[in-house]
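K.L.:
Just model.cif, nothing more (mmCIF, C-alpha atoms):
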```cif
data_final
#
loop_
_atom_site.label_atom_id
_atom_site.label_comp_id
_atom_site.auth_asym_id
_atom_site.auth_seq_id
_atom_site.Cartn_x
_atom_site.Cartn_y
_atom_site.Cartn_z
CA MET S 1 13.62 -16.92 -8.19
CA SER S 2 15.15 -20.35 -8.61
CA GLU S 3 13.68 -23.53 -7.21
CA ARG S 4 14.98 -24.71 -3.81
CA ILE S 5 17.70 -27.34 -4.15
CA VAL S 6 17.45 -30.06 -1.51
CA MET S 7 20.25 -32.30 -2.74
CA LYS S 8 22.00 -32.87 -6.04
CA VAL S 9 24.94 -35.20 -6.61
CA GLY S 10 27.59 -35.32 -9.32
CA GLU S 11 31.00 -36.75 -10.05
CA ALA S 12 33.63 -36.58 -12.74
CA THR S 13 37.04 -37.89 -13.61
CA VAL S 14 39.63 -35.95 -15.57
CA PHE S 15 42.84 -37.79 -16.31
CA ALA S 16 46.37 -36.49 -15.95
CA LYS S 17 48.62 -35.81 -18.86
CA GLU S 18 51.00 -38.68 -19.55
CA GLY S 19 53.62 -39.28 -16.87
CA GLN S 20 51.77 -37.33 -14.18
CA TYR S 21 49.84 -38.41 -11.10
CA THR S 22 47.33 -35.61 -11.31
CA ASP S 23 44.05 -37.42 -12.00
CA ALA S 24 41.10 -35.65 -10.41
CA MET S 25 37.95 -37.44 -9.24
CA PRO S 26 35.69 -35.10 -7.26
CA GLU S 27 32.39 -36.32 -5.87
CA ILE S 28 30.03 -33.41 -5.23
CA VAL S 29 26.90 -32.97 -3.11
CA ILE S 30 25.05 -29.65 -3.46
CA GLY S 31 22.10 -28.63 -1.33
CA SER S 32 20.29 -26.06 0.73
CA ILE S 33 21.84 -24.83 3.97
CA ASP S 34 18.62 -25.72 5.78
CA GLY S 35 18.43 -29.26 4.39
CA PRO S 36 20.39 -32.49 4.79
CA VAL S 37 23.43 -31.22 2.88
CA GLY S 38 23.59 -28.09 5.05
CA GLN S 39 23.35 -30.22 8.18
CA ALA S 40 26.13 -32.53 6.98
CA PHE S 41 28.25 -29.50 6.01
CA ALA S 42 27.90 -28.00 9.51
CA GLN S 43 28.73 -31.30 11.20
CA MET S 44 31.87 -31.64 9.07
CA MET S 45 33.35 -28.41 10.41
CA GLY S 46 35.22 -30.40 13.05
CA GLN S 47 38.48 -32.07 12.11
CA THR S 48 39.29 -35.76 12.00
CA ALA S 49 42.77 -37.24 12.18
CA GLY S 50 44.23 -37.63 8.70
CA HIS S 51 41.23 -36.21 6.83
CA THR S 52 41.46 -32.49 7.41
CA ARG S 53 38.54 -30.67 5.89
CA MET S 54 38.94 -27.22 4.47
CA LEU S 55 36.84 -24.59 2.81
CA ALA S 56 37.57 -23.90 -0.84
CA VAL S 57 39.17 -20.47 -1.05
CA ARG S 58 40.52 -18.68 -4.09
CA ASP S 59 43.08 -16.87 -1.87
CA CYS S 60 43.22 -15.53 1.66
CA ASN S 61 39.90 -13.86 2.48
CA GLN S 62 38.36 -15.05 -0.81
CA MET S 63 36.12 -18.00 0.09
CA ALA S 64 34.18 -19.49 -2.82
CA LYS S 65 30.41 -19.18 -2.86
CA PRO S 66 28.44 -21.31 -2.44
CA ALA S 67 30.55 -22.26 0.58
CA THR S 68 32.39 -25.44 -0.41
CA MET S 69 33.85 -27.98 2.01
CA MET S 70 36.71 -30.03 0.58
CA VAL S 71 37.09 -33.47 2.16
CA PRO S 72 40.11 -35.55 1.11
CA LYS S 73 39.48 -39.15 0.08
CA VAL S 74 43.04 -40.00 1.12
CA THR S 75 44.70 -39.88 4.52
CA ILE S 76 46.88 -36.83 4.99
CA LYS S 77 50.21 -38.05 6.32
CA ASN S 78 52.64 -35.23 5.60
CA SER S 79 53.03 -31.54 4.90
CA ARG S 80 53.47 -32.11 1.15
CA THR S 81 49.93 -33.53 0.96
CA VAL S 82 48.64 -30.54 2.94
CA GLU S 83 50.51 -28.20 0.59
CA LEU S 84 49.01 -29.78 -2.55
CA LEU S 85 45.46 -30.08 -1.19
CA GLY S 86 45.51 -26.68 0.53
CA GLY S 87 47.15 -24.94 -2.39
CA VAL S 88 46.69 -26.17 -5.93
CA VAL S 89 43.62 -28.38 -5.39
CA GLN S 90 41.93 -25.81 -3.15
CA SER S 91 42.54 -23.03 -5.66
CA ALA S 92 41.29 -25.10 -8.59
CA THR S 93 38.19 -26.15 -6.67
CA ALA S 94 37.32 -22.61 -5.59
CA ASP S 95 37.89 -21.23 -9.09
CA ALA S 96 35.63 -23.92 -10.57
CA VAL S 97 32.85 -23.15 -8.08
CA VAL S 98 32.99 -19.40 -8.70
CA ASN S 99 33.10 -19.91 -12.46
CA CYS S 100 30.07 -22.21 -12.27
CA VAL S 101 28.18 -19.30 -10.70
CA SER S 102 29.58 -16.85 -13.25
CA GLU S 103 28.46 -19.11 -16.11
CA GLY S 104 24.99 -19.71 -14.66
CA ILE S 105 25.49 -23.40 -13.88
CA ILE S 106 24.74 -22.53 -10.24
CA PRO S 107 22.09 -19.79 -9.95
CA LYS S 108 23.73 -16.62 -8.61
CA GLU S 109 20.72 -15.80 -6.46
CA LEU S 110 21.21 -19.09 -4.55
CA VAL S 111 24.88 -18.79 -3.57
CA ASP S 112 24.11 -17.85 0.03
CA GLU S 113 21.43 -20.55 0.33
CA LEU S 114 23.53 -23.50 -0.89
CA VAL S 115 26.56 -25.41 0.31
CA ILE S 116 28.75 -27.91 -1.50
CA ILE S 117 30.59 -30.90 -0.08
CA ASP S 118 33.40 -31.99 -2.39
CA LEU S 119 35.28 -35.24 -1.84
CA VAL S 120 38.68 -34.70 -3.45
CA TRP S 121 41.29 -37.21 -4.58
CA LEU S 122 45.05 -36.75 -4.52
CA ASP S 123 47.11 -39.63 -5.84
CA PRO S 124 49.67 -40.60 -3.18
CA ASN S 125 52.24 -40.81 -5.99
CA ALA S 126 51.75 -37.09 -6.68
CA VAL S 127 53.04 -36.32 -3.21
CA LYS S 128 56.26 -38.25 -3.89
CA ASP S 129 56.85 -36.89 -7.41
CA PRO S 130 59.57 -34.19 -7.40
CA ASN S 131 58.61 -33.27 -10.98
CA LEU S 132 54.87 -32.96 -10.36
CA ASP S 133 53.26 -30.62 -12.86
CA MET S 134 51.28 -28.23 -10.64
CA LYS S 135 49.56 -26.70 -13.67
CA ASP S 136 48.25 -30.12 -14.67
CA LEU S 137 47.10 -30.78 -11.09
CA TYR S 138 45.22 -27.47 -11.22
CA ARG S 139 43.80 -28.25 -14.69
CA THR S 140 42.46 -31.68 -13.80
CA ASN S 141 40.90 -30.54 -10.53
CA TYR S 142 39.39 -27.41 -12.07
CA GLU S 143 37.90 -29.28 -15.04
CA ALA S 144 36.65 -32.24 -13.01
CA THR S 145 35.06 -30.03 -10.34
CA LYS S 146 33.28 -27.98 -12.97
CA ILE S 147 32.02 -31.09 -14.75
CA ALA S 148 30.87 -32.68 -11.46
CA ILE S 149 28.93 -29.54 -10.51
CA GLN S 150 27.38 -29.30 -13.97
CA ARG S 151 26.36 -32.96 -13.81
CA ALA S 152 24.88 -32.48 -10.35
CA MET S 153 22.88 -29.45 -11.42
CA THR S 154 21.57 -31.12 -14.61
CA GLY S 155 20.98 -34.66 -13.28
CA LYS S 156 23.58 -36.27 -15.54
CA PRO S 157 23.97 -39.01 -16.39
CA THR S 158 20.27 -39.72 -16.77
CA ILE S 159 18.88 -43.09 -15.79
CA ASP S 160 18.05 -43.71 -19.47
CA GLU S 161 21.71 -43.16 -20.39
CA LEU S 162 22.85 -45.51 -17.62
CA ILE S 163 20.41 -48.21 -18.72
CA ALA S 164 21.39 -47.83 -22.38
CA ASN S 165 25.11 -48.19 -21.53
CA ARG S 166 24.87 -50.88 -18.85
CA HIS S 167 26.24 -53.65 -21.10
CA LYS S 168 28.64 -51.45 -23.07
CA ILE S 169 30.67 -49.78 -20.33
CA LYS S 170 32.98 -51.53 -17.86
CA HIS S 171 34.56 -49.94 -14.80
CA CYS S 172 37.97 -48.53 -15.70
CA MET S 173 39.62 -50.42 -12.84
CA TYR S 174 37.65 -53.67 -13.00
CA ASP S 175 36.32 -55.79 -15.84
CA PRO S 176 34.47 -58.85 -14.49
CA GLU S 177 35.00 -60.62 -17.82
CA ALA S 178 38.77 -60.21 -17.83
#
```
What do you get writing this file as structure tokens?
P.N.:
Amino acid sequence: MSERIVMKVGEATVFAKEGQYTDAMPEIVIGSIDGPVGQAFAQMMGQTAGHTRMLAVRDCNQMAKPATMMVPKVTIKNSRTVELLGGVVQSATADAVVNCVSEGIIPKELVDELVIIDLVWLDPNAVKDPNLDMKDLYRTNYEATKIAIQRAMTGKPTIDELIANRHKIKHCMYDPEA
């Protein structure tokens, strides 16, 4: 039997192909249903204006396991955002979770004992883009979710890696020396 997982955290960014607004940046928390992550998961079941939470499902009646709560990092203002989050992003997220179990990244024997909270990003420009590449939106969200889960489950990056890179890596959106 696998060790009990109290709380593990991971994140990833996968960039869109050129000309698309399909970057994916999930932030994942994985933990036991009877621990702090399970408590947070249960408390998130209620809705909040503009930040509708939803379970990751592969299709109707096909909820991913471990149960995964998707929480948008952007305010939902229109039906197009709901369509993208509740369609492509939801499908990609659920597929990534199930495949992480299939590949042994998440222990199969723990799927009913764990929950995942996944903060998901949808670029507001994607909502406005009439030529949005849905396959690229799926790809980025699938890949980034899988990477974030793998990082959570393996404790990556390690503190040694972070310390070694602290003077070499700048934030992609802010360079204090620029």
K.L.:
What does the structure give for the distance between CA of Met70 (chain S) and CA of Val97 (chain S), in Å to one decimal?
P.N.:
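Taking CA of Met70 (chain S) and CA of Val97 (chain S), their separation equals 11.7 Å.
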K.L.:
Under the PyMOL selection byres ((chain S and resi 16) around 10), which residues of this model are included? Write them out as an mmCIF file with C-alpha atoms, keeping the file's coordinate frame.
P.N.:
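Generated file (result.cif):
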```cif
data_model
loop_
_atom_site.group_PDB
_atom_site.id
_atom_site.type_symbol
_atom_site.label_atom_id
_atom_site.label_comp_id
_atom_site.auth_asym_id
_atom_site.auth_seq_id
_atom_site.Cartn_x
_atom_site.Cartn_y
_atom_site.Cartn_z
ATOM 1 C CA THR S 13 37.040 -37.890 -13.610
ATOM 2 C CA VAL S 14 39.630 -35.950 -15.570
ATOM 3 C CA PHE S 15 42.840 -37.790 -16.310
ATOM 4 C CA LYS S 17 48.620 -35.810 -18.860
ATOM 5 C CA GLU S 18 51.000 -38.680 -19.550
ATOM 6 C CA GLY S 19 53.620 -39.280 -16.870
ATOM 7 C CA GLN S 20 51.770 -37.330 -14.180
ATOM 8 C CA TYR S 21 49.840 -38.410 -11.100
ATOM 9 C CA THR S 22 47.330 -35.610 -11.310
ATOM 10 C CA ASP S 23 44.050 -37.420 -12.000
ATOM 11 C CA ALA S 24 41.100 -35.650 -10.410
ATOM 12 C CA ASP S 133 53.260 -30.620 -12.860
ATOM 13 C CA ASP S 136 48.250 -30.120 -14.670
ATOM 14 C CA LEU S 137 47.100 -30.780 -11.090
ATOM 15 C CA ARG S 139 43.800 -28.250 -14.690
ATOM 16 C CA THR S 140 42.460 -31.680 -13.800
ATOM 17 C CA ASN S 141 40.900 -30.540 -10.530
#
```
K.L.:
Could you state the separation of CA of Val88 (chain S) and CA of His51 (chain S) in Å, given to one decimal place?
P.N.:
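We find that CA of Val88 (chain S) and CA of His51 (chain S) lie 17.1 Å from each other.
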K.L.:
Between S:Leu122, S:Arg4, S:Pro26, S:Val9, which residue has the minimum interatomic distance to Thr154 (chain S), considering all atoms listed in the file?
P.N.:
S:Val9
K.L.:
Between S:Ser32, S:Lys65, S:His167, S:Lys156, which is the closest to Lys108 (chain S) once you count only C-alpha atoms?
P.N.:
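When distances to Lys108 (chain S) are compared using only C-alpha atoms, the smallest one comes from S:Lys65.
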K.L.:
Report, in Å with one decimal, the straight-line distance from CA of Gly35 (chain S) to CA of Leu114 (chain S).
P.N.:
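So the two atoms, CA of Gly35 (chain S) and CA of Leu114 (chain S), lie 9.3 Å apart.
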K.L.:
Can you give me, as JSON, numbers by chain, the residues this file yields under the PyMOL selection byres ((chain S and resi 49) around 12)?
P.N.:
{"S": [46, 47, 48, 50, 51, 52, 53, 72, 74, 75, 76, 77]}
K.L.:
Nearest to Tyr138 (chain S): which of S:Leu162, S:Ile106, S:Ala92, S:Leu119 is it, counting all atoms listed in the file?
P.N.:
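Between S:Leu162, S:Ile106, S:Ala92, S:Leu119, the residue approaching Tyr138 (chain S) most closely is S:Ala92.
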K.L.:
So which residues fall inside 9 Å of (23.1, -28.4, 3.2) if we count all atoms listed in the file? Mind giving them as an mmCIF file with C-alpha atoms, in the frame of the given file?
P.N.:
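Resulting contents of point39.cif:
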```
data_model
loop_
_atom_site.group_PDB
_atom_site.id
_atom_site.type_symbol
_atom_site.label_atom_id
_atom_site.label_comp_id
_atom_site.auth_asym_id
_atom_site.auth_seq_id
_atom_site.Cartn_x
_atom_site.Cartn_y
_atom_site.Cartn_z
ATOM 1 C CA VAL S 6 17.450 -30.060 -1.510
ATOM 2 C CA MET S 7 20.250 -32.300 -2.740
ATOM 3 C CA VAL S 29 26.900 -32.970 -3.110
ATOM 4 C CA ILE S 30 25.050 -29.650 -3.460
ATOM 5 C CA GLY S 31 22.100 -28.630 -1.330
ATOM 6 C CA SER S 32 20.290 -26.060 0.730
ATOM 7 C CA ILE S 33 21.840 -24.830 3.970
ATOM 8 C CA ASP S 34 18.620 -25.720 5.780
ATOM 9 C CA GLY S 35 18.430 -29.260 4.390
ATOM 10 C CA PRO S 36 20.390 -32.490 4.790
ATOM 11 C CA VAL S 37 23.430 -31.220 2.880
ATOM 12 C CA GLY S 38 23.590 -28.090 5.050
ATOM 13 C CA GLN S 39 23.350 -30.220 8.180
ATOM 14 C CA ALA S 40 26.130 -32.530 6.980
ATOM 15 C CA PHE S 41 28.250 -29.500 6.010
ATOM 16 C CA ALA S 42 27.900 -28.000 9.510
ATOM 17 C CA GLU S 113 21.430 -20.550 0.330
ATOM 18 C CA LEU S 114 23.530 -23.500 -0.890
ATOM 19 C CA VAL S 115 26.560 -25.410 0.310
ATOM 20 C CA ILE S 116 28.750 -27.910 -1.500
ATOM 21 C CA ILE S 117 30.590 -30.900 -0.080
#
```
